Structures are given as structure tokens and as C-alpha cells.
Amino acid sequence: MTELNIKSKSGELTTLSEGQIETFKTGFNGTVFLAGDSGFDEARTIWNAMIDRRPALIAQAQNADDVKRTVDFARENDLLLSIKGGGHNIAGNAVCEGGLMLDLSQMKSVKVDSEKRRANVGPGALLADFDREAQASGLATPLGINSTTGVAGLTLGGGFGWLSRKFGTTVDNLLSAEIITADGKTVHASETENADLFWGIRGGGGNFGVVTNFEFKLHPFGPNVLTGLIVFPLDQAKDVLAKYREAVKTMPDDLNVWVVLRKAPPLPFLPEDSHGKEAVILAIFYSGDPAEGEKLVEPFKTFGTPYGQFIGVQPFTAWQQAFDPLLTPGVRNYWKSHNFTEMSDGAIDTVIKYVGELPSPHTEIFFGLIGGQASRVAEDATAYSQRDALWACNVHGRWETPEEDKKVIAWAREFFDASAKYASGGVYVNFMTEDETARVGSAYKPEVWKRLVDLKTKWDPTNLFRMNQNIKPSA
Ligand SMILES: Cc1cc2nc3c(=O)[nH]c(=O)nc-3n(C[C@H](O)[C@H](O)[C@H](O)COP(=O)(O)OP(=O)(O)OC[C@H]3O[C@@H](n4cnc5c(N)ncnc54)[C@H](O)[C@@H]3O)c2cc1C
């Protein structure tokens with residue numbers, strides 16, 4: 001190799017000399033990959049198989065010095081830069097075509113201080129890494145529902161999961177962060193230092209810099225929880241969802257129940273003839289005393305006549321991985337999402353109609369219940385501002401072959417359009433696909449959006465960090 005053609009920020013090709021690349025590599029603690037190098041393909045691969053991009057150069061960082069070096073190199077050479085944490089984001093912005101990709105996947109450390117109930121977490125850590133280390137000390141913080149998701153991307157968009165009704169969103173539990181900003185400075189952000197930046201990274205995504213360390217608050221929790229599934233036939237969904245909607249109104253924060261509508265998976269507690277049939281599934285999580293939980297969960301079993309149910313006590317870390325088999329990487333995925341503040345009859349009828357016409361065996365629509373403590377935080381307290389979202393609804397198109405692309409994507413868009421009039425108009429930024437750049441503002445309340453644009457203009461005026469759900473700096 002003598003020189004390398006690589007994309008600049010504007011999308012034009014520019015050239016790096018061999019000397020420039022060698023200088024970049026010198027002193028880099030991690031690995032720098034070019035196309036064809038062993039490890040290149042692994043580093044560029046992300047969860048959603050719809051995204052198959054080839055960066056010109058991949059910098060796989062070992063530490064914060066490597067991150068700073070990469071940010072400086074991108075800025076000085078005006079390069080298109082993308083940042084990969086856990087590589088889970090549906091939009092696929094972690095990997096750029098023809099530019100420079102900063103891969104943080106090796107920076108996985110999770111250090112728990114059990115006395116102070118705090119954790120310092122690297123930007124390559126996955127939820128499983130965090131949960132495992134925190135639970136080893138009997139502690140936890142709210143994260144998502146699929147253990148192979150990256151802590152970094154999840155946190156930067158807000159983050160919610162089973163524990164959010166009890167302990168708030170992930171960002172409500174973030175105490176501080178170390179960030180390499182567009183000018184290559186290392187900045188510490190918390191409520192008392194660079195508070196504007198700290199506000200912005202709690203929901204504003206990777207727009208303001210590369211986070212190299214997250215410091216979280218932890219709560220005594222676990223190790224066991226009452227969890228499980230109740231699976232009803234789809235023809236009972238209207239009644240089941242109407243009763244569920246009523247139950248949510250008085251549900252304690254310790255209880256969380258998500259709704260998943262899909263073909264029944266071949267679970268051992270379901271009769272064989274229900275496998276593959278359309279179903280409405282209540283996924284149940286109780287974070288208090290299991291005996292108390294049993295009593296609270298009992299009525300849900302009577303919302304209809306279930307195909308089957310399995311509710312039991314299991315380790316929290318096991319439940320955090322319970323959905324992994326349905327969410328494995330390497331499959332084609334397309335999502336459409338919006339938030340709901342109520343589940344109206346119209347919304348229920350629409351979802352039932354579309355689940356009756358599922359375009360592939362793995363496709364599902366879920367309503368992730370939030371509310372509780374997550375909704376008691378002021379709308380402008382963090383950039384994650386959709387505090388009125390009682391449910392984040394996600395239409396999760398999931399299929400195996402390119403031949404099915406058109407059919408599944410069209411179905412997802414049609415359901416989204418048909419259900420939009422019952423939704424709040426807001427959306428969770430972390431559930432947005434790559435074709436939704438015009439909708440980024442909908443992820444934030446209007447006042448918050450204005451503040452985010454000002455913050456972007458202050459911290460990244462040339463939009464170095466643009467491979468994300470982008471907040472453009474004002475001209
Ligand atoms: C199967 C599945 C289940 C999910 N479940 C939940 C859930 O229960 N709750 C929930 O809240 N979300 C959930 N999500 C959404 C998830 O929060 C986002 O996909 C999130 O972006 C994943 O983070 P990541 O680090 O893995 O992603 P990546 O694709 O690596 O990163 C996403 C984006 O974040 C930015 N970024 C990443 N790391 C950094 C960093 N260190 N500094 C600056 N910017 C950075 C980049 O812009 C990047 O493009 C789920 C996603 C999937 C695919």
C-alpha cells in the first residue's frame with residue numbers, strides 16, 4: 001500500500017499517504033485494520049445484517065489515548081468518522097462506508113465499587129458485562145432487555161428496561177462521564193462540571209463527543225426476581241389488552257409488564273399446536289418480594305385463556321438474557337417506532353389487524369412499558385425528554401433473506417402509518433432507523449431540541465460527530 005483513498009466528512013474522497021497512516025499507527029495501543037486484514041470483517045460487522053458497510057480504516061481502540069488519537073486524526077484530515085460501541089443500533093451508524101471507524105468494543109472494563117455503590121464502565125461493555133459485575137456485589141442499575149446491547153449507545157440515547165419503573169431510565173442513574181470532544185480535549189462531565197454537556201449526553205446520543213468512561217449509580221438488587229411469560233391466542237387480544245391497559249393504571253413501580261405480539265415461539269411450556277400461531281404475550285417482571293409478586297401477577301393469568309404460562313423465580317442476570325435467543329445478531333432487521341401515552345381502542349384494533357398479517361415468522365410488535373420513576377423526572381432534566389411515554393412501541397421486522405426485504409419493510413411502514421394517529425408523536429431515538437433522519441427532532445420535546453442544537457453548535461460546530469441520529473449545528 002502506498003496511499004489510501006478515504007471518505008471525507010462531506011462524502012468526497014480524499015487521500016492519506018502511507019506515511020500519515022504509519023504515523024497514526026505509531027503509539028496506537030489497539031489495532032488499526034485496513035480492508036483485507038484479519039479482524040477487519042469482524043470489527044465492521046454489527047447486529048443488524050441489513051448494514052454491510054466497509055470503512056477504509058478501522059481504529060480499534062484499547063484506551064482513551066487511542067480514542068483521542070483517532071478523534072484528532074479524523075479532525076485534522078477532515079475524515080468521515082463513525083463510532084462503534086456494542087454495534088447494536090438498528091440504524092447502523094456505528095459503521096461508515098469508506099471512512100474511518102472508531103471501534104470501542106475492546107474497552108469493556110466494568111469496575112464496581114460496592115461500598116460507594118458505583119460502577120465505572122468502559123464504552124465497549126455490553127449489558128451482560130455490566131449486569132454480571134454489578135450482580136456479583138448484589139447491585140444493579142436499569143439497562144435494556146437484550147444482554148448483547150452496548151452500554152454506550154443505550155445510555156447515550158436514554159436507556160430503559162425492566163428496572164426503569166423502579167429506578168428510572170439509564171441516564172437517570174448516570175453520575176458522570178469522561179468525554180473526548182471534537183477538539184480532542186478530555187472533558188469530565190457531571191452535574192457540577194460541564195453540566196451542559198452532561199445534560200446533552202443523557203439522551204442526545206453521540207453528537208457531542210466520544211464517551212470513554214461512564215460512571216453509574218447502583219442499587220441493591222437481586223439476585224432473584226419473579227419473572228415469566230403468559231401467552232394468549234391472538235383472538236383473545238382485544239380483551240387481554242383492554243384488561244392489561246386497566247391494570248397498568250394501578251400497577252406498582254415494582255411490577256413491569258411488556259406486551260409482545262408475534263408468532264408463539266416453541267417454548268417448552270406451550271402446547272406444540274400453538275407454536276407458530278399468532279399470540280399476545282405478557283412478559284412479566286416483578287422486582288419486589290416474589291411472594292408478593294405472585295399475588296399481583298395472578299389476575300393477569302385470567303385476562304383470557306392462555307395457551308400456556310410460566311412464571312417463576314430466577315436470577316436477574318438470567319432474565320436479562322431471556323430474550324437473547326429471539327434477538328440474535330446476523331439477521332435482517334427493520335424497525336419503526338413511536339411512543340404511546342395511552343393504549344386506545346383504535347391502537348388495539350390496529351395492532352391486532354397487523355399481527356394477523358405478520359410478514360415473517362420472527363417479526364413482532366412490542367409495547368415496552370416505561371412510566372413509574374422514569375416518568376417522574378422533569379422533561380427538561382436530561383436530553384432524554386419523552387417522559388410522558390408510557391409505552392415505547394416498536395415494530396420489529398425481522399427476516400432472513402434479501403428477497404423478503406420489500407415485503408417486511410412495507411408491512412412495518414404500513415402498521416406505523418396506520419397506528420400513528422393513536423401515538424404521541426414522540427419516539428425513542430435509539431429505536432430509529434437510518435431512513436429517519438428527518439424525524440430526529442421528534443425524539444425530543446421542542447424546548448429540549450432547541451437546547452440540543454445550541455449545545456451541538458458549542459461543542460461540535462463542524463459536525464465531526466455526524467454518524468448518529470444527527471443534531472446539526474446551526475450555521
Ligand atoms: C435487540 C435490541 C434490543 C434493544 N433493547 C433495548 C432496550 O431494552 N432498551 C433500550 O433503551 N434500548 C434498547 N435497544 C436499543 C439500543 O439502546 C440502541 O441500539 C443502542 O444504540 C445500542 O448501543 P450500542 O453501543 O450497542 O450501539 P452502537 O451501534 O455501537 O452505537 C450506536 C451509536 O451510538 C453512538 N456511540 C456509541 N458509543 C459511543 C461512545 N462511546 N461515545 C459516543 N458515541 C457513541 C454512535 O453514534 C453510534 O452510532 C435495543 C436494541 C436492540 C438491537
# chains A, B, ... in the order shown; residues from 1 in each chain; ligands from 1
>>> residues_near_ligand(ligand="ligand 1", cutoff="7 Å", atoms="only C-alpha atoms and all ligand atoms", output="PyMOL selection string")
chain A and resi 47+82-90+92-94+104+123+143-146+149-161+205-207+209-212+327+430-431+467-468
>>> residues_around(residues="Thr401 (chain A)", least_positions_apart="5", cutoff="12 Å", atoms="only C-alpha atoms", output="PyMOL selection string")
chain A and resi 49-50+330-333+360+406-408
>>> closest_atom_pairs(of="region 301-401 of chain A", to="region 445-452 of chain A", cutoff="12 Å", atoms="only C-alpha atoms", output="Markdown table")
| residue | atom | partner | partner_atom | distance |
| --- | --- | --- | --- | --- |
| A:Ala378 | CA | A:Val448 | CA | 11.5 |
| A:Glu379 | CA | A:Lys445 | CA | 7.7 |
| A:Asp380 | CA | A:Val448 | CA | 6.3 |
| A:Ala381 | CA | A:Val448 | CA | 9.3 |
| A:Thr382 | CA | A:Val448 | CA | 8.5 |
| A:Ala383 | CA | A:Val448 | CA | 6.3 |
| A:Tyr384 | CA | A:Val448 | CA | 8.6 |
| A:Ser385 | CA | A:Lys445 | CA | 6.0 |
| A:Gln386 | CA | A:Lys445 | CA | 6.8 |
| A:Arg387 | CA | A:Lys445 | CA | 9.4 |
| A:Asp388 | CA | A:Lys445 | CA | 10.3 |
| A:Ala389 | CA | A:Lys445 | CA | 11.6 |
>>> closest_residue(among="A:Trp459, A:Trp411, A:Phe216, A:Phe323", to="Lys185 (chain A)", atoms="only C-alpha atoms")
A:Trp459
>>> closest_atom_pairs(of="region 47-142 of chain A", to="region 19-35 of chain A", cutoff="8 Å", atoms="only C-alpha atoms", output="Markdown table")
| residue | atom | partner | partner_atom | distance |
| --- | --- | --- | --- | --- |
| A:Arg54 | CA | A:Ala35 | CA | 7.7 |
| A:Pro55 | CA | A:Ala35 | CA | 7.9 |
| A:Ala56 | CA | A:Leu34 | CA | 6.4 |
| A:Leu57 | CA | A:Leu34 | CA | 5.1 |
| A:Ile58 | CA | A:Phe33 | CA | 5.0 |
| A:Ala59 | CA | A:Val32 | CA | 4.6 |
| A:Gln60 | CA | A:Thr31 | CA | 5.2 |
| A:Ala61 | CA | A:Gly30 | CA | 4.8 |
| A:Gln62 | CA | A:Gly30 | CA | 4.6 |
| A:Asn63 | CA | A:Asn29 | CA | 7.4 |
| A:Asp65 | CA | A:Phe28 | CA | 7.9 |
| A:Asp66 | CA | A:Phe28 | CA | 5.7 |
| A:Arg69 | CA | A:Phe28 | CA | 7.6 |
| A:Phe73 | CA | A:Phe24 | CA | 7.3 |
>>> closest_atom_pairs(of="region 201-268 of chain A", to="region 272-289 of chain A", cutoff="9 Å", atoms="only C-alpha atoms", output="tab-separated table")
residue	atom	partner	partner_atom	distance
A:Phe221	CA	A:Ser287	CA	8.2
A:Gly222	CA	A:Ser287	CA	8.0
A:Asn224	CA	A:Ser287	CA	8.6
A:Val225	CA	A:Ser287	CA	5.8
A:Leu226	CA	A:Tyr286	CA	5.2
A:Thr227	CA	A:Phe285	CA	4.5
A:Gly228	CA	A:Ile284	CA	5.2
A:Leu229	CA	A:Ala283	CA	4.7
A:Ile230	CA	A:Leu282	CA	5.2
A:Val231	CA	A:Ile281	CA	4.5
A:Phe232	CA	A:Val280	CA	5.3
A:Pro233	CA	A:Ala279	CA	4.6
A:Leu234	CA	A:Ala279	CA	4.4
A:Asp235	CA	A:Ala279	CA	8.1
A:Gln236	CA	A:Val280	CA	8.1
A:Ala237	CA	A:Val280	CA	6.1
A:Val240	CA	A:Val280	CA	8.2
A:Leu241	CA	A:Val280	CA	8.6
A:Tyr244	CA	A:Leu282	CA	8.9
A:Asp253	CA	A:Ser287	CA	8.5
A:Asp254	CA	A:Ser287	CA	4.9
A:Leu255	CA	A:Tyr286	CA	4.6
A:Asn256	CA	A:Phe285	CA	5.2
A:Val257	CA	A:Ile284	CA	4.6
A:Trp258	CA	A:Ala283	CA	5.1
A:Val259	CA	A:Leu282	CA	4.9
A:Val260	CA	A:Ile281	CA	5.0
A:Leu261	CA	A:Val280	CA	4.6
A:Arg262	CA	A:Glu278	CA	5.5
A:Lys263	CA	A:Glu278	CA	4.2
A:Ala264	CA	A:Gly276	CA	5.0
A:Pro265	CA	A:His275	CA	5.6
A:Pro266	CA	A:His275	CA	5.1
A:Leu267	CA	A:His275	CA	7.8
A:Pro268	CA	A:Glu272	CA	8.4
>>> write_last_selection(atoms="C-alpha atoms", output="PDB file, in the first residue's frame")
ATOM      1  CA  PHE A 221     -30.972  -5.540  43.956  1.00  0.00           C
ATOM      2  CA  GLY A 222     -31.437  -9.260  43.286  1.00  0.00           C
ATOM      3  CA  ASN A 224     -33.531 -13.391  42.230  1.00  0.00           C
ATOM      4  CA  VAL A 225     -36.640 -11.956  40.611  1.00  0.00           C
ATOM      5  CA  LEU A 226     -40.131 -13.177  39.805  1.00  0.00           C
ATOM      6  CA  THR A 227     -40.489 -13.188  36.033  1.00  0.00           C
ATOM      7  CA  GLY A 228     -42.197 -15.052  33.233  1.00  0.00           C
ATOM      8  CA  LEU A 229     -44.499 -15.124  30.257  1.00  0.00           C
ATOM      9  CA  ILE A 230     -48.244 -15.554  29.820  1.00  0.00           C
ATOM     10  CA  VAL A 231     -49.126 -16.411  26.220  1.00  0.00           C
ATOM     11  CA  PHE A 232     -52.668 -15.901  24.889  1.00  0.00           C
ATOM     12  CA  PRO A 233     -54.069 -16.663  21.423  1.00  0.00           C
ATOM     13  CA  LEU A 234     -54.375 -13.582  19.215  1.00  0.00           C
ATOM     14  CA  ASP A 235     -58.158 -13.941  19.000  1.00  0.00           C
ATOM     15  CA  GLN A 236     -58.282 -13.018  22.711  1.00  0.00           C
ATOM     16  CA  ALA A 237     -56.008  -9.995  22.259  1.00  0.00           C
ATOM     17  CA  VAL A 240     -56.433  -9.161  27.079  1.00  0.00           C
ATOM     18  CA  LEU A 241     -55.123  -5.746  26.020  1.00  0.00           C
ATOM     19  CA  TYR A 244     -53.938  -5.000  30.649  1.00  0.00           C
ATOM     20  CA  ASP A 253     -43.370   0.505  40.235  1.00  0.00           C
ATOM     21  CA  ASP A 254     -42.029  -2.907  41.232  1.00  0.00           C
ATOM     22  CA  LEU A 255     -44.107  -4.523  38.526  1.00  0.00           C
ATOM     23  CA  ASN A 256     -43.337  -4.203  34.835  1.00  0.00           C
ATOM     24  CA  VAL A 257     -45.306  -5.953  32.089  1.00  0.00           C
ATOM     25  CA  TRP A 258     -44.394  -5.621  28.414  1.00  0.00           C
ATOM     26  CA  VAL A 259     -46.670  -6.777  25.601  1.00  0.00           C
ATOM     27  CA  VAL A 260     -45.239  -8.687  22.662  1.00  0.00           C
ATOM     28  CA  LEU A 261     -47.394  -9.686  19.700  1.00  0.00           C
ATOM     29  CA  ARG A 262     -45.829 -12.291  17.425  1.00  0.00           C
ATOM     30  CA  LYS A 263     -45.989 -15.933  16.417  1.00  0.00           C
ATOM     31  CA  ALA A 264     -45.672 -18.087  19.551  1.00  0.00           C
ATOM     32  CA  PRO A 265     -42.110 -19.410  19.839  1.00  0.00           C
ATOM     33  CA  PRO A 266     -41.589 -23.138  20.501  1.00  0.00           C
ATOM     34  CA  LEU A 267     -41.271 -22.709  24.250  1.00  0.00           C
ATOM     35  CA  PRO A 268     -41.431 -25.879  26.370  1.00  0.00           C
TER      36      PRO A 268
END
>>> residues_around(residues="Val110 (chain A)", least_positions_apart="3", cutoff="8 Å", atoms="only C-alpha atoms", output="list in words")
Ala119, Asn120, Val121, Gly122, Ala125, Asp129, Phe130 and Glu133 of chain A
>>> atom_distance(atom1="CA of Ser337 (chain A)", atom2="CA of Trp319 (chain A)")
24.0 Å
>>> decode(residues="region 349-456 of chain A", atoms="C-alpha atoms", output="tab-separated table (two decimals), in the first residue's frame")
chain	number	residue	atom	x	y	z
A	349	ASP	CA	-57.63	-2.84	16.84
A	350	THR	CA	-54.81	-1.71	14.56
A	351	VAL	CA	-52.16	-3.84	16.19
A	352	ILE	CA	-54.41	-6.91	16.14
A	353	LYS	CA	-55.13	-6.43	12.43
A	354	TYR	CA	-51.44	-6.17	11.52
A	355	VAL	CA	-50.30	-9.03	13.74
A	356	GLY	CA	-52.87	-11.13	11.87
A	357	GLU	CA	-50.80	-10.42	8.72
A	358	LEU	CA	-47.23	-10.86	10.01
A	359	PRO	CA	-44.82	-10.83	7.04
A	360	SER	CA	-42.23	-13.23	8.51
A	361	PRO	CA	-42.01	-15.79	11.35
A	362	HIS	CA	-39.72	-13.62	13.51
A	363	THR	CA	-41.45	-10.28	13.09
A	364	GLU	CA	-43.06	-8.81	16.19
A	365	ILE	CA	-44.66	-5.68	17.59
A	366	PHE	CA	-43.94	-4.86	21.19
A	367	PHE	CA	-45.14	-2.29	23.69
A	368	GLY	CA	-42.37	-1.71	26.22
A	369	LEU	CA	-43.93	-0.27	29.38
A	370	ILE	CA	-41.99	2.61	30.95
A	371	GLY	CA	-43.76	5.04	33.32
A	372	GLY	CA	-43.11	4.76	37.07
A	373	GLN	CA	-39.96	6.52	38.25
A	374	ALA	CA	-38.84	7.17	34.65
A	375	SER	CA	-41.85	9.47	34.17
A	376	ARG	CA	-41.41	11.43	37.41
A	377	VAL	CA	-38.28	13.21	36.21
A	378	ALA	CA	-38.80	16.70	34.75
A	379	GLU	CA	-38.99	16.80	30.96
A	380	ASP	CA	-36.02	19.14	30.65
A	381	ALA	CA	-33.84	17.49	33.34
A	382	THR	CA	-32.00	15.46	30.72
A	383	ALA	CA	-31.91	15.48	26.93
A	384	TYR	CA	-33.95	12.27	27.07
A	385	SER	CA	-37.22	14.16	27.38
A	386	GLN	CA	-40.02	11.81	26.32
A	387	ARG	CA	-41.04	11.39	29.96
A	388	ASP	CA	-44.71	11.09	29.02
A	389	ALA	CA	-44.06	7.91	27.02
A	390	LEU	CA	-45.92	5.19	28.87
A	391	TRP	CA	-45.09	2.71	26.12
A	392	ALA	CA	-42.37	2.69	23.51
A	393	CYS	CA	-43.91	0.69	20.70
A	394	ASN	CA	-41.53	-0.98	18.31
A	395	VAL	CA	-42.49	-2.67	15.09
A	396	HIS	CA	-39.67	-5.11	14.76
A	397	GLY	CA	-39.46	-6.50	11.24
A	398	ARG	CA	-37.02	-9.41	11.30
A	399	TRP	CA	-36.32	-11.85	8.47
A	400	GLU	CA	-33.62	-13.92	6.81
A	401	THR	CA	-33.27	-13.25	3.07
A	402	PRO	CA	-32.90	-10.13	0.89
A	403	GLU	CA	-35.84	-11.37	-1.23
A	404	GLU	CA	-38.13	-10.63	1.75
A	405	ASP	CA	-36.81	-7.08	2.30
A	406	LYS	CA	-39.55	-5.27	0.42
A	407	LYS	CA	-42.44	-7.20	1.92
A	408	VAL	CA	-41.38	-6.85	5.58
A	409	ILE	CA	-40.33	-3.21	5.31
A	410	ALA	CA	-43.61	-2.29	3.58
A	411	TRP	CA	-45.62	-4.08	6.29
A	412	ALA	CA	-43.70	-2.29	9.09
A	413	ARG	CA	-44.25	1.11	7.46
A	414	GLU	CA	-47.93	0.41	6.90
A	415	PHE	CA	-48.51	-0.54	10.53
A	416	PHE	CA	-46.56	2.51	11.63
A	417	ASP	CA	-48.68	4.83	9.46
A	418	ALA	CA	-51.96	3.18	10.49
A	419	SER	CA	-51.13	3.44	14.21
A	420	ALA	CA	-49.59	6.94	14.13
A	421	LYS	CA	-52.85	8.71	14.93
A	422	TYR	CA	-53.07	6.86	18.26
A	423	ALA	CA	-49.42	7.54	19.19
A	424	SER	CA	-47.93	10.57	20.97
A	425	GLY	CA	-45.82	11.84	18.06
A	426	GLY	CA	-42.67	11.23	20.09
A	427	VAL	CA	-40.13	8.50	19.51
A	428	TYR	CA	-37.20	6.91	21.33
A	429	VAL	CA	-34.07	8.00	19.48
A	430	ASN	CA	-32.40	4.60	19.94
A	431	PHE	CA	-35.18	2.82	18.03
A	432	MET	CA	-34.91	4.96	14.88
A	433	THR	CA	-33.71	3.52	11.58
A	434	GLU	CA	-31.27	5.04	9.12
A	435	ASP	CA	-34.01	6.38	6.82
A	436	GLU	CA	-35.50	8.59	9.54
A	437	THR	CA	-33.03	11.48	9.67
A	438	ALA	CA	-35.88	13.95	9.07
A	439	ARG	CA	-37.57	12.72	12.24
A	440	VAL	CA	-34.75	13.14	14.77
A	441	GLY	CA	-36.40	16.23	16.30
A	442	SER	CA	-39.44	14.08	17.24
A	443	ALA	CA	-37.27	12.24	19.74
A	444	TYR	CA	-37.09	15.41	21.86
A	445	LYS	CA	-39.51	17.92	23.31
A	446	PRO	CA	-39.33	21.23	21.33
A	447	GLU	CA	-37.52	23.24	24.04
A	448	VAL	CA	-35.06	20.42	24.57
A	449	TRP	CA	-34.39	20.17	20.83
A	450	LYS	CA	-33.52	23.91	20.69
A	451	ARG	CA	-31.12	23.46	23.57
A	452	LEU	CA	-29.53	20.45	21.89
A	453	VAL	CA	-28.89	22.42	18.70
A	454	ASP	CA	-27.18	25.17	20.75
A	455	LEU	CA	-25.12	22.58	22.59
A	456	LYS	CA	-24.07	20.92	19.33
